[in-house]
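File shown: protein-v7.txt (compact mmCIF, C-alpha atoms and all ligand atoms).
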# COMPACT_ATOMS: atom_id res chain seq x y z
CA MET A 8 0.00 0.00 0.00
CA GLU A 9 2.93 2.33 -0.70
CA SER A 10 1.90 5.80 -1.81
CA VAL A 11 3.67 6.96 -4.95
CA THR A 12 1.58 9.91 -6.06
CA GLY A 13 1.25 11.48 -2.62
CA GLN A 14 4.97 11.34 -1.89
CA ALA A 15 5.82 12.57 -5.40
CA LEU A 16 3.55 15.58 -4.86
CA TYR A 17 5.07 16.18 -1.45
CA GLN A 18 8.57 16.27 -2.94
CA ARG A 19 7.26 18.98 -5.31
CA ALA A 20 5.72 20.78 -2.34
CA ARG A 21 9.03 20.85 -0.52
CA LYS A 22 10.50 22.80 -3.45
CA ARG A 23 7.58 25.26 -3.68
CA ILE A 24 6.38 25.55 -0.08
CA PRO A 25 9.00 26.26 2.59
CA GLY A 26 8.64 23.52 5.17
CA GLY A 27 6.38 21.52 2.83
CA THR A 28 3.08 22.12 4.68
CA GLN A 29 1.37 24.92 6.62
CA LEU A 30 1.19 22.96 9.89
CA LEU A 31 4.18 21.20 11.44
CA SER A 32 1.91 18.43 12.74
CA LYS A 33 0.82 17.54 9.19
CA ARG A 34 4.37 17.15 7.90
CA PRO A 35 4.78 13.61 6.54
CA GLU A 36 8.20 13.52 8.25
CA MET A 37 6.43 13.68 11.61
CA PHE A 38 4.79 10.32 10.81
CA LEU A 39 6.68 8.28 8.25
CA PRO A 40 9.29 10.03 6.09
CA GLU A 41 9.15 9.08 2.40
CA GLN A 42 6.14 6.78 2.88
CA TRP A 43 3.27 8.73 4.50
CA PRO A 44 0.48 9.29 1.96
CA ALA A 45 0.76 13.06 2.65
CA TYR A 46 -2.40 14.19 0.79
CA TYR A 47 -6.04 13.17 0.76
CA SER A 48 -8.57 13.13 -2.04
CA LYS A 49 -11.55 12.53 0.23
CA ALA A 50 -12.28 12.26 3.96
CA GLN A 51 -15.59 11.10 5.39
CA GLY A 52 -16.52 9.92 8.86
CA ALA A 53 -13.29 8.35 10.10
CA GLU A 54 -12.19 7.25 6.63
CA VAL A 55 -9.58 8.88 4.43
CA TRP A 56 -8.71 8.24 0.77
CA ASP A 57 -5.25 9.21 -0.46
CA LEU A 58 -4.33 10.36 -3.97
CA ASP A 59 -3.65 6.80 -5.05
CA GLY A 60 -7.11 5.60 -4.10
CA ASN A 61 -6.00 3.81 -0.93
CA ARG A 62 -8.56 3.93 1.87
CA TYR A 63 -7.50 4.25 5.50
CA ILE A 64 -9.22 4.46 8.85
CA ASP A 65 -7.88 7.51 10.66
CA MET A 66 -6.87 6.39 14.14
CA SER A 67 -4.40 9.26 14.54
CA TYR A 68 -5.16 12.94 15.00
CA GLY A 69 -8.61 13.47 13.42
CA GLY A 70 -7.57 16.55 11.44
CA ILE A 71 -5.14 17.47 14.26
CA GLY A 72 -7.97 17.73 16.71
CA ALA A 73 -10.19 19.88 14.51
CA CYS A 74 -12.75 17.30 13.35
CA VAL A 75 -14.23 16.23 16.65
CA LEU A 76 -17.46 15.02 15.03
CA GLY A 77 -15.72 13.34 12.10
CA PHE A 78 -14.68 14.33 8.59
CA ALA A 79 -17.36 15.92 6.39
CA ASP A 80 -19.96 15.78 9.15
CA PRO A 81 -23.33 15.80 7.32
CA ASP A 82 -25.10 18.22 9.70
CA VAL A 83 -22.30 20.77 9.82
CA ASP A 84 -21.76 20.52 6.08
CA ASP A 85 -25.48 20.96 5.33
CA ALA A 86 -25.51 24.17 7.37
CA VAL A 87 -22.38 25.38 5.58
CA ARG A 88 -23.82 24.53 2.14
CA GLN A 89 -26.89 26.61 2.94
CA THR A 90 -24.69 29.52 3.96
CA ILE A 91 -22.70 29.22 0.75
CA ALA A 92 -25.92 29.27 -1.26
CA ASN A 93 -27.00 32.44 0.55
CA GLY A 94 -23.65 34.20 0.25
CA SER A 95 -20.74 33.51 2.57
CA ALA A 96 -19.51 37.11 2.46
CA CYS A 97 -21.35 40.41 2.27
CA THR A 98 -21.03 44.09 3.16
CA LEU A 99 -23.42 43.47 6.06
CA ASN A 100 -22.58 41.20 8.99
CA ALA A 101 -23.41 37.53 9.59
CA PRO A 102 -26.26 37.13 12.11
CA GLU A 103 -24.74 33.78 13.18
CA GLU A 104 -22.08 35.80 15.04
CA VAL A 105 -24.72 36.86 17.54
CA TYR A 106 -26.46 33.47 17.77
CA LEU A 107 -23.11 31.81 18.43
CA ALA A 108 -22.12 34.40 21.04
CA ASP A 109 -25.38 33.73 22.88
CA LEU A 110 -24.81 29.98 22.73
CA LEU A 111 -21.21 30.20 23.99
CA CYS A 112 -22.25 32.47 26.87
CA GLU A 113 -25.10 30.09 27.76
CA LEU A 114 -22.63 27.20 27.87
CA HIS A 115 -20.19 29.32 29.94
CA PRO A 116 -22.38 31.38 32.26
CA TRP A 117 -19.37 33.29 33.69
CA ALA A 118 -18.77 34.82 30.23
CA ASP A 119 -20.60 37.86 28.86
CA MET A 120 -18.97 38.75 25.57
CA VAL A 121 -17.31 37.12 22.56
CA ARG A 122 -14.94 38.11 19.74
CA TYR A 123 -14.10 35.99 16.71
CA VAL A 124 -11.09 35.21 14.59
CA ARG A 125 -10.47 32.24 12.30
CA CYS A 126 -7.49 30.29 13.73
CA GLY A 127 -6.28 29.04 17.10
CA GLY A 128 -2.93 30.77 17.38
CA GLU A 129 -4.53 33.96 16.11
CA ALA A 130 -7.23 33.66 18.78
CA MET A 131 -4.56 33.31 21.46
CA ALA A 132 -2.71 36.36 20.12
CA ALA A 133 -5.95 38.36 20.28
CA ALA A 134 -6.60 37.16 23.85
CA VAL A 135 -3.09 38.19 24.90
CA ARG A 136 -3.57 41.59 23.24
CA ILE A 137 -6.86 42.06 25.09
CA ALA A 138 -5.21 41.10 28.40
CA ARG A 139 -2.34 43.52 27.80
CA ALA A 140 -4.76 46.28 26.79
CA LYS A 141 -6.91 45.65 29.86
CA THR A 142 -4.06 45.63 32.39
CA LYS A 143 -1.73 48.06 30.57
CA ARG A 144 1.03 45.60 31.37
CA ASP A 145 3.33 43.53 29.13
CA LYS A 146 4.39 40.26 30.71
CA ILE A 147 2.74 36.91 30.12
CA VAL A 148 3.34 33.86 32.30
CA PHE A 149 2.30 30.75 30.43
CA CYS A 150 2.26 26.98 30.30
CA GLY A 151 1.84 24.80 27.18
CA TYR A 152 1.68 25.39 23.43
CA HIS A 153 -0.29 28.35 22.10
CA GLY A 154 0.66 28.90 18.46
CA TRP A 155 3.27 30.51 16.20
CA GLN A 156 2.87 34.18 17.05
CA ASP A 157 5.56 36.57 18.32
CA TRP A 158 4.16 36.95 21.85
CA TYR A 159 4.61 33.19 22.38
CA LEU A 160 7.87 32.44 20.55
CA ALA A 161 9.39 35.35 22.50
CA ALA A 162 9.88 32.79 25.30
CA ASN A 163 12.64 31.16 23.23
CA LEU A 164 14.54 34.46 22.81
CA ALA A 165 15.85 34.18 26.36
CA GLU A 166 16.94 30.55 26.15
CA ASP A 167 16.66 28.29 23.12
CA ASP A 168 14.77 25.57 24.88
CA ALA A 169 12.34 27.49 27.11
CA LEU A 170 9.49 26.07 25.05
CA SER A 171 10.75 22.48 25.13
CA GLY A 172 8.42 20.39 27.24
CA HIS A 173 5.48 22.64 26.19
CA LEU A 174 4.33 20.19 23.48
CA LEU A 175 6.78 20.87 20.66
CA PRO A 176 10.54 20.96 21.12
CA GLY A 177 12.85 23.09 19.00
CA LEU A 178 10.56 26.00 18.00
CA SER A 179 12.85 28.67 16.56
CA PRO A 180 12.17 32.35 17.39
CA ALA A 181 14.14 33.60 14.34
CA GLY A 182 12.38 36.75 13.14
CA VAL A 183 10.83 37.54 16.52
CA PRO A 184 12.06 40.97 17.69
CA ARG A 185 14.80 40.72 20.33
CA GLY A 186 12.99 43.51 22.16
CA LEU A 187 10.37 40.96 23.26
CA THR A 188 12.96 39.05 25.33
CA GLY A 189 11.63 38.41 28.81
CA THR A 190 7.98 39.16 27.98
CA ALA A 191 6.81 35.51 27.95
CA LEU A 192 7.80 33.40 30.94
CA PRO A 193 7.05 29.65 30.97
CA PHE A 194 6.19 27.31 33.83
CA PRO A 195 5.50 23.55 33.69
CA TYR A 196 2.00 22.19 34.28
CA ASN A 197 1.20 21.18 37.86
CA ASP A 198 4.35 22.89 39.17
CA ILE A 199 3.15 25.47 41.69
CA PRO A 200 6.66 26.56 42.87
CA ALA A 201 7.69 27.19 39.22
CA PHE A 202 4.47 29.15 38.68
CA HIS A 203 5.22 31.35 41.72
CA LYS A 204 8.76 31.91 40.48
CA ALA A 205 7.49 33.00 37.04
CA VAL A 206 4.89 35.43 38.41
CA GLU A 207 7.50 36.86 40.81
CA GLU A 208 9.77 37.44 37.83
CA ALA A 209 6.95 39.20 35.95
CA GLY A 210 6.29 41.26 39.08
CA SER A 211 4.02 44.28 38.71
CA ASP A 212 4.16 43.95 34.90
CA LEU A 213 2.15 40.69 34.84
CA ALA A 214 -0.69 41.08 32.33
CA ALA A 215 -1.96 37.50 32.24
CA VAL A 216 -1.39 33.87 32.98
CA VAL A 217 -2.09 31.84 29.84
CA MET A 218 -2.54 28.06 29.99
CA GLU A 219 -4.62 25.03 29.11
CA PRO A 220 -6.72 24.11 32.14
CA GLN A 221 -5.82 20.48 31.39
CA ARG A 222 -4.06 18.67 28.57
CA GLY A 223 -2.72 15.32 29.72
CA GLY A 224 -3.41 14.21 33.25
CA PRO A 225 -5.74 16.11 35.56
CA PRO A 226 -4.66 19.21 37.48
CA ALA A 227 -3.07 18.50 40.88
CA PRO A 228 -5.34 19.41 43.79
CA GLY A 229 -5.30 23.18 44.24
CA PHE A 230 -3.19 23.86 41.12
CA LEU A 231 -5.79 25.75 39.08
CA GLU A 232 -7.29 27.33 42.21
CA THR A 233 -3.88 28.71 43.25
CA ILE A 234 -3.39 30.24 39.82
CA ARG A 235 -6.87 31.73 39.88
CA GLU A 236 -6.29 33.25 43.31
CA GLU A 237 -2.83 34.59 42.46
CA THR A 238 -3.95 36.24 39.19
CA ARG A 239 -6.82 37.95 41.02
CA LYS A 240 -4.50 39.12 43.78
CA ARG A 241 -2.09 40.58 41.25
CA GLY A 242 -4.74 42.23 39.08
CA ALA A 243 -3.77 40.03 36.12
CA LEU A 244 -6.11 38.08 33.84
CA LEU A 245 -6.37 34.31 33.68
CA VAL A 246 -6.67 33.10 30.08
CA PHE A 247 -7.59 29.47 29.46
CA ASP A 248 -6.63 28.01 26.10
CA GLU A 249 -9.41 25.51 25.26
CA ILE A 250 -8.38 25.08 21.63
CA THR A 251 -7.52 21.41 22.01
CA ALA A 252 -8.93 20.45 25.42
CA GLY A 253 -12.38 21.97 24.85
CA PHE A 254 -15.24 19.85 23.48
CA ARG A 255 -13.55 16.55 24.44
CA LEU A 256 -14.98 15.65 27.86
CA ASN A 257 -17.96 17.99 27.63
CA THR A 258 -19.71 20.44 25.32
CA GLY A 259 -17.68 23.58 26.02
CA GLY A 260 -14.51 24.32 27.94
CA ILE A 261 -12.94 21.62 30.11
CA HIS A 262 -12.56 24.29 32.82
CA LEU A 263 -16.31 23.95 33.46
CA LEU A 264 -15.60 20.44 34.77
CA ARG A 265 -12.71 21.64 36.93
CA GLY A 266 -14.77 24.40 38.55
CA VAL A 267 -12.25 27.19 37.96
CA MET A 268 -13.47 30.05 35.79
CA PRO A 269 -11.03 32.26 33.87
CA ASP A 270 -11.41 35.87 32.72
CA ILE A 271 -11.00 34.77 29.11
CA ALA A 272 -11.31 31.38 27.39
CA VAL A 273 -10.27 30.66 23.82
CA PHE A 274 -11.77 28.14 21.40
CA ALA A 275 -10.81 27.04 17.88
CA LYS A 276 -10.32 23.66 16.16
CA ALA A 277 -13.17 21.46 17.45
CA ILE A 278 -15.58 24.38 17.84
CA SER A 279 -16.31 24.31 14.10
CA ASN A 280 -15.39 20.73 13.13
CA GLY A 281 -12.68 21.63 10.67
CA TYR A 282 -13.93 24.94 9.26
CA PRO A 283 -11.79 27.97 10.13
CA MET A 284 -13.12 29.57 13.29
CA GLY A 285 -11.85 30.88 16.60
CA ALA A 286 -13.73 32.44 19.50
CA ILE A 287 -12.45 34.47 22.44
CA ILE A 288 -15.02 34.55 25.22
CA GLY A 289 -14.72 36.48 28.46
CA THR A 290 -16.21 38.52 31.23
CA GLY A 291 -17.62 41.85 30.12
CA GLU A 292 -14.93 43.63 32.09
CA ALA A 293 -12.08 41.80 30.37
CA MET A 294 -13.61 41.77 26.89
CA GLN A 295 -14.45 45.47 26.80
CA ALA A 296 -10.69 46.03 26.53
CA ALA A 297 -10.99 44.63 22.99
CA GLN A 298 -12.36 48.11 22.23
CA ASP A 299 -9.29 49.85 23.67
CA THR A 300 -7.02 48.27 21.06
CA PHE A 301 -7.36 47.65 17.32
CA LEU A 302 -8.60 44.13 16.54
CA SER A 303 -10.21 44.00 13.11
CA SER A 304 -10.00 41.82 10.01
CA THR A 305 -12.14 41.28 6.91
CA HIS A 306 -12.20 37.50 7.01
CA TRP A 307 -13.17 37.53 10.68
CA THR A 308 -16.60 38.49 9.32
CA GLU A 309 -17.19 35.74 6.77
CA ARG A 310 -20.19 33.57 7.45
CA ILE A 311 -18.97 29.98 7.12
CA GLY A 312 -17.01 29.93 10.38
CA PRO A 313 -19.86 30.95 12.70
CA THR A 314 -22.34 28.83 10.72
CA ALA A 315 -20.14 25.75 11.13
CA ALA A 316 -19.49 26.50 14.79
CA LEU A 317 -23.19 26.91 15.56
CA ALA A 318 -24.02 23.63 13.82
CA ALA A 319 -21.06 21.79 15.37
CA VAL A 320 -21.68 22.97 18.94
CA ARG A 321 -25.41 22.27 18.71
CA LYS A 322 -24.81 18.76 17.35
CA HIS A 323 -22.07 18.11 19.93
CA GLN A 324 -24.59 18.92 22.64
CA ARG A 325 -27.56 17.15 21.03
CA VAL A 326 -25.84 13.79 20.47
CA ASP A 327 -23.69 13.99 23.62
CA ALA A 328 -20.59 13.64 21.48
CA ALA A 329 -18.34 13.90 24.55
CA ALA A 330 -19.67 10.62 25.99
CA HIS A 331 -18.84 8.86 22.71
CA LEU A 332 -15.37 10.44 22.62
CA VAL A 333 -14.62 9.27 26.15
CA ARG A 334 -15.90 5.72 25.49
CA THR A 335 -13.95 5.44 22.25
CA GLY A 336 -10.78 6.84 23.80
CA GLU A 337 -11.07 4.44 26.72
CA SER A 338 -11.45 1.47 24.35
CA VAL A 339 -8.36 2.51 22.42
CA GLN A 340 -6.33 2.99 25.60
CA GLN A 341 -7.46 -0.45 26.75
CA ALA A 342 -6.52 -1.96 23.37
CA TRP A 343 -3.00 -0.52 23.75
CA ARG A 344 -2.70 -1.89 27.29
CA ASP A 345 -4.00 -5.34 26.30
CA ALA A 346 -1.70 -5.55 23.29
CA ALA A 347 1.28 -4.46 25.38
CA THR A 348 0.53 -7.07 28.05
CA ALA A 349 0.02 -9.82 25.48
CA THR A 350 3.23 -9.07 23.57
CA GLY A 351 5.54 -7.75 26.27
CA LEU A 352 6.06 -4.42 24.48
CA ARG A 353 6.82 -1.84 27.14
CA ILE A 354 4.64 1.28 26.80
CA THR A 355 3.03 3.86 29.06
CA VAL A 356 -0.53 4.87 28.24
CA ALA A 357 -1.40 8.49 29.06
CA GLY A 358 -3.72 11.39 28.27
CA MET A 359 -7.42 11.94 28.78
CA PRO A 360 -9.29 9.27 26.80
CA PRO A 361 -10.40 11.48 23.86
CA LEU A 362 -6.80 12.75 23.48
CA ALA A 363 -5.01 9.52 24.27
CA ARG A 364 -1.36 8.69 23.68
CA PHE A 365 1.30 6.19 24.62
CA THR A 366 5.04 6.43 24.99
CA ILE A 367 7.36 3.57 24.10
CA ASP A 368 9.64 2.51 26.95
CA GLU A 369 12.12 0.61 24.80
CA ALA A 370 15.53 1.48 23.34
CA GLU A 371 15.31 3.83 20.30
CA PRO A 372 11.67 4.72 20.95
CA GLN A 373 11.43 7.06 17.95
CA ALA A 374 12.53 4.30 15.56
CA VAL A 375 10.07 1.88 17.18
CA LYS A 376 7.30 4.47 16.84
CA THR A 377 8.16 4.93 13.16
CA LEU A 378 7.94 1.18 12.61
CA PHE A 379 4.54 1.21 14.35
CA VAL A 380 3.31 3.88 11.91
CA GLN A 381 4.69 1.93 8.92
CA GLU A 382 3.14 -1.36 9.98
CA MET A 383 -0.23 0.23 10.78
CA LEU A 384 -0.24 2.02 7.43
CA ASP A 385 0.39 -1.33 5.72
CA ARG A 386 -2.77 -2.57 7.46
CA GLY A 387 -4.88 0.39 6.32
CA PHE A 388 -4.67 2.69 9.33
CA LEU A 389 -3.41 6.24 9.68
CA ALA A 390 -1.94 5.80 13.15
CA SER A 391 0.69 7.16 15.46
CA ASN A 392 1.34 6.95 19.18
CA ALA A 393 -1.62 9.26 19.81
CA PHE A 394 -5.33 8.87 19.17
CA TYR A 395 -7.80 11.74 18.96
CA ALA A 396 -11.32 10.35 19.15
CA MET A 397 -14.05 11.51 16.78
CA TYR A 398 -17.81 11.10 17.11
CA ALA A 399 -17.68 9.26 13.76
CA HIS A 400 -15.43 6.47 15.06
CA THR A 401 -17.43 3.25 15.26
CA GLU A 402 -16.96 0.34 17.62
CA ALA A 403 -16.22 -1.93 14.63
CA GLN A 404 -13.40 0.38 13.53
CA VAL A 405 -11.94 0.38 17.03
CA GLN A 406 -12.08 -3.43 17.10
CA CYS A 407 -10.29 -3.76 13.74
CA TYR A 408 -7.72 -1.27 14.98
CA ALA A 409 -7.25 -3.20 18.24
CA ALA A 410 -6.58 -6.42 16.30
CA ALA A 411 -4.03 -4.66 14.08
CA VAL A 412 -2.31 -3.05 17.10
CA ARG A 413 -1.98 -6.47 18.72
CA GLU A 414 -0.29 -7.86 15.60
CA VAL A 415 1.98 -4.84 15.16
CA PHE A 416 3.03 -4.70 18.83
CA GLN A 417 4.09 -8.36 18.44
CA ASN A 418 6.19 -7.46 15.39
CA LEU A 419 7.73 -4.53 17.27
CA ARG A 420 8.65 -6.82 20.17
CA THR A 421 10.24 -9.30 17.73
CA ALA A 422 12.12 -6.50 15.93
CA ILE A 423 13.42 -5.01 19.19
CA ASP A 424 14.56 -8.43 20.41
CA ALA A 425 16.29 -9.10 17.08
CA ASN A 426 17.83 -5.62 17.17
CA ASP A 427 16.62 -4.87 13.63
CA VAL A 428 14.01 -2.12 14.09
CA THR A 429 15.74 0.34 11.73
CA LYS A 430 16.47 -2.41 9.20
CA ARG A 431 12.74 -3.07 8.90
CA LEU A 432 12.02 0.60 8.15
CA ARG A 433 11.59 1.36 4.45
CA GLY A 434 12.57 5.00 5.02
CA PRO A 435 14.13 7.29 7.66
CA VAL A 436 13.05 7.56 11.30
CA ALA A 437 10.27 10.14 11.89
CA HIS A 438 11.03 13.62 13.20
CA SER A 439 9.98 14.37 16.74
CA GLY A 440 9.87 18.17 16.72
CA PHE A 441 10.55 21.29 14.67
CA PHE A 442 13.34 20.89 12.12
CA ARG A 443 14.32 22.90 9.09
CA LEU A 444 13.81 20.64 6.05
CA ALA A 445 16.84 20.20 3.81
C1 LIG A 501 -3.60 24.35 22.97
C2 LIG A 501 -3.37 24.94 21.62
N1 LIG A 501 -3.32 26.26 21.48
C3 LIG A 501 -3.14 26.83 20.28
C4 LIG A 501 -2.98 26.08 19.14
C5 LIG A 501 -2.79 26.75 17.81
O1 LIG A 501 -3.94 26.63 17.03
P1 LIG A 501 -3.86 26.74 15.44
O2 LIG A 501 -3.01 25.63 14.95
O3 LIG A 501 -5.27 26.69 14.97
O4 LIG A 501 -3.24 28.10 15.13
C6 LIG A 501 -3.02 24.68 19.24
C7 LIG A 501 -2.82 23.84 18.05
O5 LIG A 501 -2.37 22.72 18.11
C8 LIG A 501 -3.21 24.09 20.51
O6 LIG A 501 -3.24 22.75 20.67

Kindly present the structure from the file in structure tokens form.
Ligand SMILES: Cc1ncc(COP(=O)(O)O)c(C=O)c1O
Amino acid sequence: MESVTGQALYQRARKRIPGGTQLLSKRPEMFLPEQWPAYYSKAQGAEVWDLDGNRYIDMSYGGIGACVLGFADPDVDDAVRQTIANGSACTLNAPEEVYLADLLCELHPWADMVRYVRCGGEAMAAAVRIARAKTKRDKIVFCGYHGWQDWYLAANLAEDDALSGHLLPGLSPAGVPRGLTGTALPFPYNDIPAFHKAVEEAGSDLAAVVMEPQRGGPPAPGFLETIREETRKRGALLVFDEITAGFRLNTGGIHLLRGVMPDIAVFAKAISNGYPMGAIIGTGEAMQAAQDTFLSSTHWTERIGPTAALAAVRKHQRVDAAAHLVRTGESVQQAWRDAATATGLRITVAGMPPLARFTIDEAEPQAVKTLFVQEMLDRGFLASNAFYAMYAHTEAQVQCYAAAVREVFQNLRTAIDANDVTKRLRGPVAHSGFFRLA
């Protein structure tokens, strides 16, 4: 099932498009260099067809977390088609902006107002701008990954690896003004002493603490509460990034389940099931500062984004998509555990069920992971060591996947024991972070 056309096109892309793709996480080198199908001709439910007509079941990242309901969801797409028929852009505004704002504030009763953008990183940049405008301060203390923008990459101006351990290692701040050095100060998740150290360093210039309320394991007791209390005490805003964690365990922000309310929460990705959309929601007091600064863009007013978001959020709620995501994620995590026990492959299963992952506790884990991807691709699965559940995933698909994982884990065990993991690879070992492509 080797992909010729897709890889040939990707080699052309590497000459025309610096870095090959627009999103690091969709780079074929992150999965299976020289073999990953790279492009799709069609995606529906949890199925994907590549350019060569091969069909796969996507048991990897579900559109990198964007397609929480599934690819080409019929309800969301019907709503979008209607909007296209009625004009997706106009001199007047899209009424869906208001309907969606009402819905998001109903789901998050602490929030009063909403602004929109079209991408996740852009939404975070707008939230940071609002926080800086509100507090008239500059410094941001943060945890986790929040996009490509200058405010965030500024953390790597001070030391090259400040952002390592915040999802993606090796992010280069080349092109980010040196003058931003010291404006973004990181702390690791669940590390209260490190958090205190960072806010002390920011001192009276602390504008906001920016973080995901939860990404992998749950917050340690008192962790989020301490941050909430400290930001209030210091007159700084608390901004929760719900771009990936939101709409997984519940319809809305995961912070609702943790009982800690921010001043601002940010949504993108899953909120619109793959259509470009981002929403910044917040208290009236925080969000009014969006009027003290200039935040304005033509394509923030197009109609498809809010149409898709309204349809996606309503469906998510109506079908209780979160319950399905949790069940599916739990089954996959159990399949990994069972296969590991049966074959003796040493792995650690982690993550909340809808955003599940495993690490390989063997020598040369990256090579072993690459062989896993290769062997799963041979069996008709887009797979990696992470699984993002979609509402479209069926139990039958999970069962087929579980059987394939069992077989592949056995092959990995055999390859490790025979010391020939890299010999079995038909191409190079996958990349694990940000690299400049040759
Ligand atoms: C938590 C978080 N914040 C921000 C972003 C950036 O969003 P986007 O890729 O839409 O710019 C991501 C994307 O992976 C994310 O996971």

Can you list, as an MDAnalysis selection string, every protein, DNA or RNA residue that comes within 12 Å of stretch 395-401 of chain A when you count all atoms listed in the file, leaving out same-chain residues fewer than 6 positions away? chainID A and resid 50:54 64:81 251:252 254:256 277 280:281 319 322:324 326:340 358:364 389 407:408

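Take the candidates A:Ala318, A:Val124, A:Ala108, A:Ala410 and check each one against ligand LIG 501 (chain A) using all atoms listed in the file; the shortest distance goes to A:Val124.
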
Residues at most 10 Å from ligand LIG 501 (chain A), using all atoms listed in the file? Could they come as a CSV table (one decimal) with C-alpha atoms, in the frame of the given file?
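Dumped to pocket22.csv:
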chain,number,residue,atom,x,y,z
A,29,GLN,CA,1.4,24.9,6.6
A,30,LEU,CA,1.2,23.0,9.9
A,31,LEU,CA,4.2,21.2,11.4
A,32,SER,CA,1.9,18.4,12.7
A,71,ILE,CA,-5.1,17.5,14.3
A,72,GLY,CA,-8.0,17.7,16.7
A,73,ALA,CA,-10.2,19.9,14.5
A,125,ARG,CA,-10.5,32.2,12.3
A,126,CYS,CA,-7.5,30.3,13.7
A,127,GLY,CA,-6.3,29.0,17.1
A,128,GLY,CA,-2.9,30.8,17.4
A,129,GLU,CA,-4.5,34.0,16.1
A,130,ALA,CA,-7.2,33.7,18.8
A,131,MET,CA,-4.6,33.3,21.5
A,132,ALA,CA,-2.7,36.4,20.1
A,150,CYS,CA,2.3,27.0,30.3
A,151,GLY,CA,1.8,24.8,27.2
A,152,TYR,CA,1.7,25.4,23.4
A,153,HIS,CA,-0.3,28.4,22.1
A,154,GLY,CA,0.7,28.9,18.5
A,155,TRP,CA,3.3,30.5,16.2
A,156,GLN,CA,2.9,34.2,17.0
A,173,HIS,CA,5.5,22.6,26.2
A,174,LEU,CA,4.3,20.2,23.5
A,175,LEU,CA,6.8,20.9,20.7
A,218,MET,CA,-2.5,28.1,30.0
A,219,GLU,CA,-4.6,25.0,29.1
A,220,PRO,CA,-6.7,24.1,32.1
A,221,GLN,CA,-5.8,20.5,31.4
A,222,ARG,CA,-4.1,18.7,28.6
A,247,PHE,CA,-7.6,29.5,29.5
A,248,ASP,CA,-6.6,28.0,26.1
A,249,GLU,CA,-9.4,25.5,25.3
A,250,ILE,CA,-8.4,25.1,21.6
A,251,THR,CA,-7.5,21.4,22.0
A,252,ALA,CA,-8.9,20.4,25.4
A,253,GLY,CA,-12.4,22.0,24.8
A,273,VAL,CA,-10.3,30.7,23.8
A,274,PHE,CA,-11.8,28.1,21.4
A,275,ALA,CA,-10.8,27.0,17.9
A,276,LYS,CA,-10.3,23.7,16.2
A,277,ALA,CA,-13.2,21.5,17.4
A,281,GLY,CA,-12.7,21.6,10.7
A,283,PRO,CA,-11.8,28.0,10.1
A,284,MET,CA,-13.1,29.6,13.3
A,285,GLY,CA,-11.8,30.9,16.6

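The environment of A:Phe202 within 10 Å, counting only C-alpha atoms and disregarding residues fewer than 6 places along the same chain, consists of Val148, Phe149, Cys150, Leu192, Pro193, Phe194, Pro195, Tyr196, Glu208, Val216, Phe230, Thr233, Ile234 and Glu237 of chain A.
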
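Closest approach to A:Glu36 among A:Ile423, A:Thr377, A:Lys240, A:Leu58 is made by A:Thr377 (distances from all atoms listed in the file).
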
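Of the residues under consideration (A:Gln341, A:His115, A:Ala411, A:Leu187), A:His115 shows the shortest atom-to-atom contact distance to A:Leu264 when counting all atoms listed in the file.
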
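Ranking A:Asp82, A:Leu114, A:Ala349, A:Arg136 by their shortest atom-to-atom distance to A:Asn257, with all atoms listed in the file included, puts A:Leu114 first.
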
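Across the structure, atom CA of A:Thr258 and atom CA of A:Glu113 are spaced 11.3 Å apart.
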
Measuring atom to atom with all atoms listed in the file, identify which of A:Ile137, A:Val267, A:Leu444, A:Ile354 is nearest to A:Leu302. A:Ile137

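Distances from A:Asp368, A:Glu382, A:Glu232, A:Asp198 to A:Asn418 were compared using only C-alpha atoms, and the smallest one belongs to A:Glu382.
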
For A:Ala243, work out the shell of residues within 8 Å, counting all atoms listed in the file and skipping chain neighbours fewer than 4 positions away, then give it as a ChimeraX atom specification. /A:138,142,213-216,238-239

Next, the residues of the selection above should be written as a short mmCIF file (atom, residue, chain, number, x, y, z; two decimals), in the coordinates of the input with C-alpha atoms.
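So selection_27.cif came out as:
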data_model
loop_
_atom_site.label_atom_id
_atom_site.label_comp_id
_atom_site.auth_asym_id
_atom_site.auth_seq_id
_atom_site.Cartn_x
_atom_site.Cartn_y
_atom_site.Cartn_z
CA ALA A 138 -5.21 41.10 28.40
CA THR A 142 -4.06 45.63 32.39
CA LEU A 213 2.15 40.69 34.84
CA ALA A 214 -0.69 41.08 32.33
CA ALA A 215 -1.96 37.50 32.24
CA VAL A 216 -1.39 33.87 32.98
CA THR A 238 -3.95 36.24 39.19
CA ARG A 239 -6.82 37.95 41.02
#

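With atom CA of A:Thr305 on one side and atom CA of A:Pro25 on the other, the separation reads 26.3 Å.
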
Within 9 Å of A:Gln18, counting all atoms listed in the file, which residues qualify if same-chain residues fewer than 4 places away don't, as a ChimeraX atom specification? /A:13-14,22,27,41

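Taking atom CA of A:Ala286 as the reference point, atom CA of A:Gly259 is found at 11.7 Å.
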
Would you compute an axis-aligned box for stretch 289-303 of chain A, covering every atom listed for it in the file with 6 Å of margin on each side, and report centre and edge lengths in Å to one decimal as lines of an AutoDock Vina configuration file?
center_x = -12.3
center_y = 43.2
center_z = 22.6
size_x = 22.6
size_y = 25.4
size_z = 31.0

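Neighbouring residues of A:Pro40 at 10 Å or closer, counting only C-alpha atoms and skipping chain neighbours under 3 positions away, are Gln14, Arg34, Pro35, Glu36, Met37, Trp43, Pro44, Ala45, Thr377, Gln381, Arg433, Gly434, Pro435, Val436, Ala437 and His438 of chain A.
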